[in-house]
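The file my_file-v9.cif comes next; it holds mmCIF, C-alpha atoms.
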data_run
#
loop_
_atom_site.label_atom_id
_atom_site.label_comp_id
_atom_site.auth_asym_id
_atom_site.auth_seq_id
_atom_site.Cartn_x
_atom_site.Cartn_y
_atom_site.Cartn_z
CA MET A 1123 -3.11 22.00 17.31
CA THR A 1124 -6.29 23.00 19.06
CA THR A 1125 -6.49 24.97 22.28
CA PRO A 1126 -7.90 23.02 25.23
CA ALA A 1127 -11.35 24.21 26.20
CA ALA A 1128 -11.96 25.70 29.62
CA PRO A 1129 -13.09 23.15 32.21
CA VAL A 1130 -16.80 22.92 32.94
CA ILE A 1131 -17.65 22.98 36.64
CA VAL A 1132 -20.70 20.92 37.51
CA PRO A 1133 -22.48 22.37 40.60
CA GLY A 1134 -23.36 20.05 43.42
CA THR A 1135 -20.53 17.61 42.91
CA ASP A 1136 -17.36 17.12 44.84
CA GLU A 1137 -15.26 16.99 41.73
CA ASP A 1138 -14.63 19.32 38.84
CA ILE A 1139 -15.69 17.32 35.79
CA ASP A 1140 -13.72 18.42 32.78
CA VAL A 1141 -16.15 17.22 30.15
CA ASP A 1142 -14.39 19.14 27.40
CA LYS A 1143 -10.89 17.95 28.14
CA PRO A 1144 -9.33 17.26 24.74
CA TRP A 1145 -8.32 13.83 23.56
CA GLN A 1146 -4.73 13.30 22.56
CA VAL A 1147 -3.58 11.25 19.59
CA VAL A 1148 -0.35 9.41 20.41
CA VAL A 1149 1.92 7.82 17.82
CA TRP A 1150 4.17 5.00 19.03
CA ASN A 1151 7.61 3.98 17.84
CA ASP A 1152 7.76 1.23 15.27
CA PRO A 1153 10.89 -0.64 14.13
CA VAL A 1154 9.76 -0.97 10.51
CA ASN A 1155 8.31 2.40 9.49
CA THR A 1156 11.01 4.62 8.02
CA MET A 1157 11.80 8.07 9.37
CA GLY A 1158 11.19 9.79 6.05
CA TYR A 1159 7.80 8.14 5.65
CA VAL A 1160 6.69 9.14 9.16
CA VAL A 1161 7.71 12.76 8.54
CA PHE A 1162 5.77 12.72 5.28
CA VAL A 1163 2.64 11.36 6.99
CA PHE A 1164 2.76 14.00 9.74
CA ARG A 1165 3.13 16.74 7.15
CA LYS A 1166 0.40 15.42 4.92
CA LEU A 1167 -2.21 14.62 7.56
CA PHE A 1168 -1.69 17.56 9.90
CA GLY A 1169 -0.15 20.21 7.68
CA TYR A 1170 2.95 20.50 9.85
CA ASP A 1171 6.03 22.05 8.29
CA GLU A 1172 9.07 19.84 7.83
CA THR A 1173 10.73 21.09 11.02
CA LYS A 1174 7.72 20.37 13.24
CA ALA A 1175 7.08 16.99 11.57
CA THR A 1176 10.73 16.00 11.98
CA GLU A 1177 10.70 17.02 15.66
CA LEU A 1178 7.67 14.82 16.26
CA MET A 1179 9.19 11.91 14.34
CA LEU A 1180 12.40 12.14 16.40
CA LYS A 1181 10.39 12.29 19.61
CA VAL A 1182 8.59 9.10 18.57
CA HIS A 1183 11.87 7.44 17.64
CA TYR A 1184 13.88 8.34 20.73
CA GLU A 1185 11.20 8.61 23.43
CA GLY A 1186 8.94 5.86 22.13
CA ARG A 1187 5.87 8.02 21.60
CA ALA A 1188 4.68 11.54 20.83
CA ILE A 1189 1.38 13.40 20.91
CA VAL A 1190 0.77 14.43 17.32
CA SER A 1191 -2.68 16.03 17.56
CA ASP A 1192 -5.50 16.66 19.98
CA GLY A 1193 -9.08 17.83 20.05
CA PRO A 1194 -12.62 16.59 20.63
CA ARG A 1195 -13.04 12.83 20.72
CA GLU A 1196 -14.64 12.61 17.28
CA LYS A 1197 -11.77 14.49 15.65
CA ALA A 1198 -9.17 12.48 17.55
CA GLU A 1199 -10.79 9.21 16.47
CA ILE A 1200 -10.72 10.30 12.84
CA ASP A 1201 -7.09 11.39 13.15
CA CYS A 1202 -6.39 7.95 14.58
CA PHE A 1203 -8.11 6.32 11.61
CA ARG A 1204 -6.05 8.35 9.14
CA LEU A 1205 -2.82 7.39 10.92
CA HIS A 1206 -3.76 3.69 10.97
CA ASN A 1207 -4.63 3.95 7.29
CA HIS A 1208 -1.02 5.04 6.76
CA GLY A 1209 0.32 2.19 8.89
CA LEU A 1210 1.28 4.22 11.94
CA TRP A 1211 0.31 2.91 15.37
CA ALA A 1212 -1.80 5.62 16.95
CA THR A 1213 -3.73 5.47 20.22
CA LEU A 1214 -6.11 7.80 22.01
CA GLU A 1215 -5.90 9.07 25.55
CA GLN A 1216 -7.39 11.86 27.60
CA MET B 36 17.50 6.57 -11.35
CA SER B 37 14.30 6.65 -9.34
CA HIS B 38 11.36 4.38 -10.04
CA PHE B 39 9.12 7.46 -9.76
CA GLU B 40 9.34 10.59 -11.85
CA ALA B 41 7.08 13.62 -11.62
CA THR B 42 5.65 14.64 -14.98
CA ARG B 43 3.00 17.18 -15.98
CA ARG B 44 0.41 14.40 -15.95
CA GLY B 45 1.40 12.88 -12.61
CA ILE B 46 4.00 10.49 -11.24
CA GLU B 47 5.33 8.02 -13.79
CA VAL B 48 6.24 4.57 -12.44
CA SER B 49 9.07 2.54 -13.98
CA LEU B 50 9.49 -1.09 -12.90
CA SER B 51 11.65 -3.81 -14.41
CA PRO B 52 10.09 -7.18 -15.29
CA GLU B 53 11.80 -8.71 -12.25
CA GLU B 54 10.36 -6.02 -9.98
CA ARG B 55 6.90 -6.62 -11.38
CA VAL B 56 7.16 -10.32 -10.60
CA PHE B 57 8.33 -9.57 -7.07
CA LEU B 58 5.63 -6.97 -6.40
CA GLY B 59 3.04 -9.32 -7.89
CA ASP B 60 3.82 -11.71 -5.03
CA VAL B 61 3.13 -8.95 -2.51
CA LEU B 62 -0.55 -8.78 -3.37
CA PRO B 63 -1.52 -12.38 -2.48
CA MET B 64 0.61 -12.03 0.64
CA LEU B 65 -1.47 -9.03 1.73
CA ALA B 66 -4.75 -10.62 0.68
CA GLY B 67 -3.85 -13.70 2.71
CA ILE B 68 -3.29 -11.90 6.00
CA GLY B 69 -5.05 -13.92 8.65
CA ALA B 70 -7.00 -13.07 11.75
CA VAL B 71 -5.82 -11.00 14.68
CA GLY B 72 -4.24 -13.34 17.18
CA SER B 73 -3.24 -15.92 14.57
CA ASP B 74 -1.02 -13.87 12.24
CA PRO B 75 1.61 -11.34 13.38
CA ALA B 76 0.89 -9.29 10.26
CA ALA B 77 -2.76 -8.95 11.28
CA ASP B 78 -1.75 -8.06 14.82
CA ARG B 79 0.53 -5.29 13.54
CA LEU B 80 -2.04 -3.85 11.13
CA ASN B 81 -4.87 -3.92 13.66
CA VAL B 82 -3.25 -2.56 16.80
CA PRO B 83 -5.38 -1.33 19.71
CA VAL B 84 -6.52 2.28 19.69
CA TYR B 85 -7.60 2.54 23.33
CA LEU B 86 -4.93 0.79 25.39
CA ASP B 87 -6.75 0.84 28.73
CA ASP B 88 -10.35 0.57 27.60
CA PRO B 89 -11.19 -2.70 25.80
CA GLU B 90 -14.82 -1.66 25.37
CA ALA B 91 -13.93 1.64 23.67
CA ASN B 92 -11.34 -0.19 21.58
CA SER B 93 -13.90 -2.74 20.39
CA GLU B 94 -16.31 0.06 19.56
CA TRP B 95 -13.67 1.97 17.56
CA TRP B 96 -12.83 -1.15 15.54
CA ARG B 97 -16.53 -1.94 15.08
CA LEU B 98 -17.11 1.54 13.63
CA MET B 99 -13.83 2.05 11.76
CA GLY B 100 -12.49 -1.43 11.03
CA GLY B 101 -14.59 -2.02 7.93
CA ASP B 102 -13.64 1.33 6.42
CA LEU B 103 -9.99 0.70 7.18
CA GLU B 104 -10.05 -2.69 5.45
CA ALA B 105 -11.90 -1.22 2.46
CA ALA B 106 -9.31 1.57 2.19
CA ARG B 107 -6.50 -0.98 2.28
CA LYS B 108 -8.14 -3.06 -0.45
CA ALA B 109 -8.53 0.06 -2.59
CA ASP B 110 -4.83 0.83 -2.12
CA ARG B 111 -3.89 -2.72 -3.15
CA ALA B 112 -6.04 -2.35 -6.27
CA VAL B 113 -3.83 0.57 -7.34
CA LEU B 114 -0.75 -1.66 -7.12
CA ARG B 115 -2.64 -4.29 -9.15
CA ARG B 116 -3.40 -1.70 -11.86
CA VAL B 117 0.24 -0.57 -11.91
CA LEU B 118 1.42 -4.14 -12.40
CA ASP B 119 -1.23 -4.88 -15.04
CA ASP B 120 -0.11 -1.88 -17.11
CA PRO B 121 2.48 -3.15 -19.59
CA GLY B 122 4.03 0.30 -19.93
CA ASN B 123 5.06 2.93 -17.42
CA PRO B 124 1.77 4.04 -15.82
CA THR B 125 1.26 7.60 -14.65
CA LEU B 126 -0.48 8.02 -11.31
CA ASP B 127 -2.42 11.00 -10.06
CA ASP B 128 -1.81 12.22 -6.52
CA GLY B 129 -4.40 9.96 -4.93
CA GLU B 130 -3.14 6.88 -6.75
CA ALA B 131 0.47 7.66 -5.89
CA ASN B 132 -0.45 8.04 -2.22
CA ALA B 133 -2.32 4.73 -2.37
CA LEU B 134 0.75 3.05 -3.84
CA LEU B 135 2.87 4.54 -1.05
CA ARG B 136 0.52 3.16 1.60
CA VAL B 137 0.42 -0.34 0.12
CA ILE B 138 4.21 -0.51 -0.13
CA ASN B 139 4.35 0.48 3.53
CA GLU B 140 1.63 -2.02 4.42
CA ALA B 141 3.71 -4.77 2.78
CA ARG B 142 6.79 -3.76 4.80
CA LEU B 143 4.79 -3.77 8.03
CA ALA B 144 3.25 -7.17 7.32
CA LEU B 145 6.58 -8.72 6.36
CA GLY B 146 8.38 -7.11 9.27
CA ALA B 147 5.83 -8.49 11.70
CA ARG B 148 6.04 -12.00 10.26
CA LEU B 149 9.83 -11.85 10.42
CA GLY B 150 9.56 -11.03 14.10
CA ILE B 151 10.97 -7.51 13.99
CA GLU B 152 10.06 -5.96 17.33
CA VAL B 153 12.95 -3.56 17.90
CA ASP B 154 15.31 -1.73 15.55
CA ALA B 155 18.19 -4.13 16.29
CA ASP B 156 16.17 -7.08 14.97
CA HIS B 157 17.00 -5.91 11.43
CA ASP B 158 20.59 -7.05 12.01
CA ASP B 159 19.49 -10.60 12.82
CA LEU B 160 17.46 -11.11 9.66
CA ALA B 161 18.50 -13.64 7.05
CA GLU B 162 20.09 -11.97 4.05
CA ASP B 163 17.18 -12.63 1.68
CA SER B 164 14.63 -11.31 4.19
CA ARG B 165 16.63 -8.15 4.74
CA GLN B 166 16.95 -7.63 1.00
CA VAL B 167 13.17 -7.84 0.57
CA LEU B 168 12.54 -5.30 3.31
CA ASP B 169 15.31 -3.05 2.03
CA TYR B 170 13.97 -3.16 -1.52
CA LEU B 171 10.48 -2.17 -0.39
CA GLY B 172 12.05 0.50 1.80
CA TRP B 173 13.94 1.82 -1.21
CA LEU B 174 10.72 2.12 -3.22
CA LEU B 175 9.01 3.71 -0.23
CA GLU B 176 11.70 6.34 0.22
CA GLU B 177 11.81 7.21 -3.46
CA LEU B 178 8.06 7.69 -3.63
CA THR B 179 8.02 9.58 -0.33
CA VAL B 180 10.58 12.03 -1.71
CA GLU B 181 8.55 12.51 -4.89
CA LEU B 182 5.27 13.06 -3.05
CA SER B 183 6.88 15.40 -0.51
CA ARG B 184 7.65 17.84 -3.31
CA SER B 185 3.96 18.69 -3.62
CA LEU B 186 3.21 19.17 0.09
#
Written form, C-alpha coordinates:
Amino acid sequence: MTTPAAPVIVPGTDEDIDVDKPWQVVVWNDPVNTMGYVVFVFRKLFGYDETKATELMLKVHYEGRAIVSDGPREKAEIDCFRLHNHGLWATLEQ
Amino acid sequence: MSHFEATRRGIEVSLSPEERVFLGDVLPMLAGIGAVGSDPAADRLNVPVYLDDPEANSEWWRLMGGDLEAARKADRAVLRRVLDDPGNPTLDDGEANALLRVINEARLALGARLGIEVDADHDDLAEDSRQVLDYLGWLLEELTVELSRSL
(Lines of atoms letter the chains of each structure in order from A and count residues from 1; the text may use other names and numbers.)
(Lines give C-alpha, C1' and ligand atoms only; values in the text may rest on other atoms or scores of the structure.)
Protein backbone atom coordinates (compact mmCIF):
# COMPACT_ATOMS: atom_id res chain seq x y z
CA MET A 1 0.00 0.00 0.00
CA THR A 2 1.27 3.45 -0.81
CA THR A 3 1.37 6.37 1.58
CA PRO A 4 -0.96 9.24 0.66
CA ALA A 5 0.95 12.27 -0.55
CA ALA A 6 0.75 15.54 1.35
CA PRO A 7 -1.99 17.86 0.10
CA VAL A 8 -0.99 20.65 -2.25
CA ILE A 9 -2.32 24.06 -1.26
CA VAL A 10 -3.09 26.30 -4.22
CA PRO A 11 -2.67 30.00 -3.27
CA GLY A 12 -5.44 32.39 -4.11
CA THR A 13 -8.28 29.91 -3.89
CA ASP A 14 -10.88 29.41 -1.24
CA GLU A 15 -10.38 25.69 -1.19
CA ASP A 16 -7.47 23.40 -0.54
CA ILE A 17 -7.15 21.37 -3.73
CA ASP A 18 -5.69 17.99 -2.97
CA VAL A 19 -4.38 17.24 -6.43
CA ASP A 20 -2.31 14.31 -5.21
CA LYS A 21 -5.04 12.58 -3.26
CA PRO A 22 -4.62 8.88 -4.02
CA TRP A 23 -7.16 6.83 -5.92
CA GLN A 24 -8.59 3.79 -4.22
CA VAL A 25 -9.25 0.47 -5.91
CA VAL A 26 -12.41 -1.13 -4.52
CA VAL A 27 -13.37 -4.77 -5.02
CA TRP A 28 -17.07 -5.61 -4.70
CA ASN A 29 -18.72 -8.78 -3.49
CA ASP A 30 -19.72 -11.29 -6.13
CA PRO A 31 -21.93 -14.36 -5.62
CA VAL A 32 -20.02 -16.54 -8.08
CA ASN A 33 -16.31 -15.95 -7.43
CA THR A 34 -15.00 -18.41 -4.85
CA MET A 35 -13.28 -17.33 -1.66
CA GLY A 36 -10.12 -19.29 -2.40
CA TYR A 37 -9.82 -17.78 -5.86
CA VAL A 38 -10.23 -14.22 -4.56
CA VAL A 39 -7.54 -14.79 -1.91
CA PHE A 40 -5.24 -16.16 -4.60
CA VAL A 41 -5.81 -13.12 -6.85
CA PHE A 42 -5.10 -10.66 -4.02
CA ARG A 43 -1.89 -12.50 -3.17
CA LYS A 44 -0.75 -12.77 -6.74
CA LEU A 45 -1.53 -9.24 -7.91
CA PHE A 46 -0.56 -7.29 -4.80
CA GLY A 47 1.92 -9.57 -3.06
CA TYR A 48 -0.16 -9.73 0.11
CA ASP A 49 0.51 -12.58 2.50
CA GLU A 50 -2.25 -15.12 3.02
CA THR A 51 -3.47 -13.46 6.23
CA LYS A 52 -3.83 -10.01 4.66
CA ALA A 53 -5.41 -11.41 1.48
CA THR A 54 -7.89 -13.47 3.53
CA GLU A 55 -8.82 -10.43 5.65
CA LEU A 56 -9.56 -8.44 2.50
CA MET A 57 -11.55 -11.29 0.96
CA LEU A 58 -13.67 -11.61 4.13
CA LYS A 59 -14.24 -7.86 4.19
CA VAL A 60 -15.48 -8.05 0.59
CA HIS A 61 -17.69 -11.02 1.42
CA TYR A 62 -19.28 -9.70 4.61
CA GLU A 63 -19.23 -5.93 4.07
CA GLY A 64 -19.83 -5.97 0.33
CA ARG A 65 -16.63 -4.19 -0.65
CA ALA A 66 -13.02 -3.55 0.37
CA ILE A 67 -10.26 -1.20 -0.70
CA VAL A 68 -7.51 -3.47 -1.97
CA SER A 69 -4.95 -0.95 -3.23
CA ASP A 70 -4.42 2.75 -3.76
CA GLY A 71 -2.07 5.15 -5.44
CA PRO A 72 -1.85 7.57 -8.36
CA ARG A 73 -4.64 7.34 -10.89
CA GLU A 74 -2.53 5.61 -13.53
CA LYS A 75 -1.48 2.86 -11.12
CA ALA A 76 -5.02 2.46 -9.80
CA GLU A 77 -6.39 2.12 -13.33
CA ILE A 78 -3.87 -0.58 -14.12
CA ASP A 79 -4.66 -2.39 -10.87
CA CYS A 80 -8.30 -2.21 -11.90
CA PHE A 81 -7.46 -3.72 -15.28
CA ARG A 82 -5.58 -6.60 -13.67
CA LEU A 83 -8.49 -7.32 -11.34
CA HIS A 84 -11.01 -7.26 -14.20
CA ASN A 85 -8.71 -9.56 -16.15
CA HIS A 86 -9.11 -12.00 -13.27
CA GLY A 87 -12.89 -11.58 -13.21
CA LEU A 88 -13.14 -9.49 -10.06
CA TRP A 89 -15.38 -6.42 -10.11
CA ALA A 90 -13.13 -3.50 -9.24
CA THR A 91 -13.99 0.19 -9.28
CA LEU A 92 -12.04 3.39 -8.73
CA GLU A 93 -12.81 6.21 -6.35
CA GLN A 94 -10.98 9.12 -4.82
CA MET B 1 -7.04 -37.17 -7.27
CA SER B 2 -6.60 -33.64 -8.56
CA HIS B 3 -6.83 -32.74 -12.22
CA PHE B 4 -3.64 -30.70 -11.75
CA GLU B 5 -0.30 -31.99 -10.56
CA ALA B 6 2.88 -29.99 -10.15
CA THR B 7 5.85 -31.59 -11.88
CA ARG B 8 9.40 -30.38 -12.54
CA ARG B 9 8.29 -29.19 -15.98
CA GLY B 10 5.12 -27.41 -14.85
CA ILE B 11 1.54 -28.28 -13.98
CA GLU B 12 0.26 -31.45 -15.64
CA VAL B 13 -3.43 -31.46 -16.57
CA SER B 14 -5.46 -34.68 -16.53
CA LEU B 15 -8.97 -34.64 -18.00
CA SER B 16 -11.28 -37.53 -18.82
CA PRO B 17 -12.84 -37.77 -22.29
CA GLU B 18 -16.17 -36.67 -20.81
CA GLU B 19 -14.55 -33.63 -19.21
CA ARG B 20 -12.92 -32.70 -22.49
CA VAL B 21 -16.28 -32.79 -24.25
CA PHE B 22 -17.85 -30.65 -21.54
CA LEU B 23 -15.02 -28.09 -21.52
CA GLY B 24 -15.08 -28.03 -25.31
CA ASP B 25 -18.60 -26.63 -25.06
CA VAL B 26 -17.36 -23.83 -22.80
CA LEU B 27 -15.30 -22.23 -25.55
CA PRO B 28 -18.12 -21.49 -28.03
CA MET B 29 -20.20 -20.30 -25.08
CA LEU B 30 -17.52 -17.73 -24.22
CA ALA B 31 -16.91 -16.80 -27.84
CA GLY B 32 -20.63 -16.22 -28.27
CA ILE B 33 -21.01 -13.73 -25.43
CA GLY B 34 -23.11 -10.89 -26.76
CA ALA B 35 -23.10 -7.16 -26.28
CA VAL B 36 -23.35 -5.29 -23.01
CA GLY B 37 -27.01 -4.65 -22.33
CA SER B 38 -28.20 -7.67 -24.30
CA ASP B 39 -26.43 -10.54 -22.52
CA PRO B 40 -26.09 -10.87 -18.72
CA ALA B 41 -22.71 -12.57 -19.25
CA ALA B 42 -21.42 -9.50 -21.09
CA ASP B 43 -22.81 -7.22 -18.40
CA ARG B 44 -20.99 -9.20 -15.71
CA LEU B 45 -17.68 -9.30 -17.57
CA ASN B 46 -17.75 -5.62 -18.48
CA VAL B 47 -18.84 -3.95 -15.26
CA PRO B 48 -18.37 -0.20 -14.74
CA VAL B 49 -15.07 1.01 -13.33
CA TYR B 50 -16.14 4.55 -12.40
CA LEU B 51 -19.58 4.27 -10.80
CA ASP B 52 -20.36 7.98 -10.62
CA ASP B 53 -18.55 9.26 -13.70
CA PRO B 54 -19.90 7.88 -17.00
CA GLU B 55 -17.39 9.90 -19.00
CA ALA B 56 -14.39 8.53 -17.09
CA ASN B 57 -15.90 5.05 -17.31
CA SER B 58 -16.27 5.30 -21.09
CA GLU B 59 -12.70 6.53 -21.36
CA TRP B 60 -11.35 3.65 -19.24
CA TRP B 61 -13.19 1.11 -21.40
CA ARG B 62 -12.05 2.88 -24.58
CA LEU B 63 -8.42 2.62 -23.46
CA MET B 64 -8.50 -0.75 -21.69
CA GLY B 65 -11.42 -2.66 -23.21
CA GLY B 66 -9.56 -3.88 -26.27
CA ASP B 67 -6.62 -5.14 -24.21
CA LEU B 68 -8.98 -6.87 -21.81
CA GLU B 69 -10.78 -8.68 -24.62
CA ALA B 70 -7.46 -9.66 -26.22
CA ALA B 71 -6.23 -11.03 -22.88
CA ARG B 72 -9.42 -13.06 -22.50
CA LYS B 73 -9.08 -14.49 -25.99
CA ALA B 74 -5.48 -15.46 -25.24
CA ASP B 75 -6.63 -17.23 -22.08
CA ARG B 76 -9.30 -19.14 -24.03
CA ALA B 77 -6.65 -20.21 -26.54
CA VAL B 78 -4.79 -21.95 -23.72
CA LEU B 79 -7.90 -23.98 -22.89
CA ARG B 80 -8.21 -24.81 -26.61
CA ARG B 81 -4.61 -26.07 -26.67
CA VAL B 82 -5.20 -28.16 -23.54
CA LEU B 83 -8.25 -29.79 -25.12
CA ASP B 84 -6.49 -30.34 -28.45
CA ASP B 85 -3.64 -32.19 -26.72
CA PRO B 86 -4.53 -35.89 -26.77
CA GLY B 87 -2.32 -36.59 -23.76
CA ASN B 88 -1.87 -34.87 -20.42
CA PRO B 89 -0.40 -31.45 -21.31
CA THR B 90 2.03 -29.71 -19.00
CA LEU B 91 1.50 -25.98 -18.55
CA ASP B 92 4.04 -23.38 -17.53
CA ASP B 93 3.06 -20.81 -14.91
CA GLY B 94 1.63 -18.33 -17.39
CA GLU B 95 -0.44 -20.97 -19.16
CA ALA B 96 -1.73 -22.39 -15.88
CA ASN B 97 -2.78 -18.91 -14.76
CA ALA B 98 -4.51 -18.38 -18.10
CA LEU B 99 -6.40 -21.64 -17.66
CA LEU B 100 -7.43 -20.53 -14.16
CA ARG B 101 -8.78 -17.25 -15.50
CA VAL B 102 -10.77 -18.86 -18.30
CA ILE B 103 -12.36 -21.39 -15.95
CA ASN B 104 -13.36 -18.47 -13.74
CA GLU B 105 -14.61 -16.49 -16.74
CA ALA B 106 -16.83 -19.44 -17.68
CA ARG B 107 -18.28 -19.60 -14.15
CA LEU B 108 -18.97 -15.86 -14.17
CA ALA B 109 -20.65 -15.98 -17.57
CA LEU B 110 -22.79 -18.99 -16.66
CA GLY B 111 -23.65 -17.57 -13.26
CA ALA B 112 -24.81 -14.33 -14.82
CA ARG B 113 -26.95 -16.10 -17.41
CA LEU B 114 -28.48 -18.26 -14.69
CA GLY B 115 -29.47 -15.11 -12.85
CA ILE B 116 -27.25 -15.53 -9.80
CA GLU B 117 -27.24 -12.15 -8.09
CA VAL B 118 -26.84 -13.10 -4.44
CA ASP B 119 -25.28 -16.10 -2.69
CA ALA B 120 -28.69 -17.64 -1.90
CA ASP B 121 -29.53 -17.87 -5.62
CA HIS B 122 -27.29 -20.96 -5.80
CA ASP B 123 -29.94 -22.86 -3.83
CA ASP B 124 -32.63 -22.08 -6.39
CA LEU B 125 -30.70 -23.39 -9.39
CA ALA B 126 -31.87 -26.43 -11.30
CA GLU B 127 -29.82 -29.49 -10.44
CA ASP B 128 -28.01 -29.66 -13.79
CA SER B 129 -27.11 -25.96 -13.69
CA ARG B 130 -25.74 -26.28 -10.18
CA GLN B 131 -23.70 -29.31 -11.19
CA VAL B 132 -22.10 -27.38 -14.06
CA LEU B 133 -21.15 -24.48 -11.80
CA ASP B 134 -19.94 -26.83 -9.08
CA TYR B 135 -17.80 -28.80 -11.53
CA LEU B 136 -16.12 -25.64 -12.82
CA GLY B 137 -15.72 -24.50 -9.23
CA TRP B 138 -14.05 -27.80 -8.39
CA LEU B 139 -11.54 -27.36 -11.21
CA LEU B 140 -11.00 -23.75 -10.17
CA GLU B 141 -10.28 -24.65 -6.56
CA GLU B 142 -7.91 -27.46 -7.48
CA LEU B 143 -5.91 -25.24 -9.80
CA THR B 144 -5.97 -22.36 -7.30
CA VAL B 145 -4.47 -24.63 -4.65
CA GLU B 146 -1.76 -25.81 -7.05
CA LEU B 147 -0.84 -22.29 -8.18
CA SER B 148 -0.88 -20.95 -4.61
CA ARG B 149 2.02 -23.24 -3.76
CA SER B 150 4.36 -21.11 -5.87
CA LEU B 151 3.29 -17.69 -4.55
- Message: Please identify all residues of chain B having at least one atom at most 6 Å from any atom of chain A, considering all atoms listed in the file, and return them as a list in words.
- Response: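 The complete set of qualifying residues is Val84, Tyr85, Arg136, Val153 and Asp154 of chain B.
With all atoms listed in the file as the atoms that count, the minimum distance from Val113 in chain B to the choices B:Tyr170, B:Asp127, B:Trp95, B:Ala133 is reached by B:Ala133.
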- Item | Shell of 10 Å around range 115-119 of chain B, all atoms listed in the file, local chain residues under 6 positions omitted, as a list in words |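 With the cut-off at 10 Å, the set is Val48, Ser49, Leu50, Pro52, Glu54, Arg55, Val56, Leu58, Gly59, Val61, Leu62, Ala109, Thr125, Leu126, Glu130 and Leu134 of chain B.
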- CA of Trp1145 in chain A sits from CA of Ile1189 in chain A at a separation of 10.1 Å
- Query: Between CA of Leu178 in chain B and CA of Glu47 in chain B, what is the spacing in Å?
  - Reply: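 Taking CA of Glu47 in chain B and CA of Leu178 in chain B, their separation equals 10.5 Å.
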- For range 163-166 of chain B, work out the shell of residues within 10 Å, counting all atoms listed in the file and skipping chain neighbours fewer than 6 positions away, then give it as a ChimeraX atom specification. /B:145-146,149,157,172
- Point-to-point distance from CA of Glu176 in chain B to CA of Met1179 in chain A, Å rounded to tenths: 15.4 Å
- Please write the residues picked by the PyMOL selection byres ((chain B and resi 74) around 12) on this file as JSON, numbers by chain. {"B": [64, 65, 67, 68, 69, 70, 71, 72, 73, 75, 76, 77, 78, 79, 80, 81, 144, 145, 146, 147, 148, 149, 150]}
- Just the residues within 9 Å of Trp96 in chain B, please, counting only C-alpha atoms, with nothing from its chain fewer than 3 positions along; format it as a list in words. Asn81, Pro83, Val84, Ala91, Asn92, Ser93, Met99, Gly100 and Gly101 of chain B
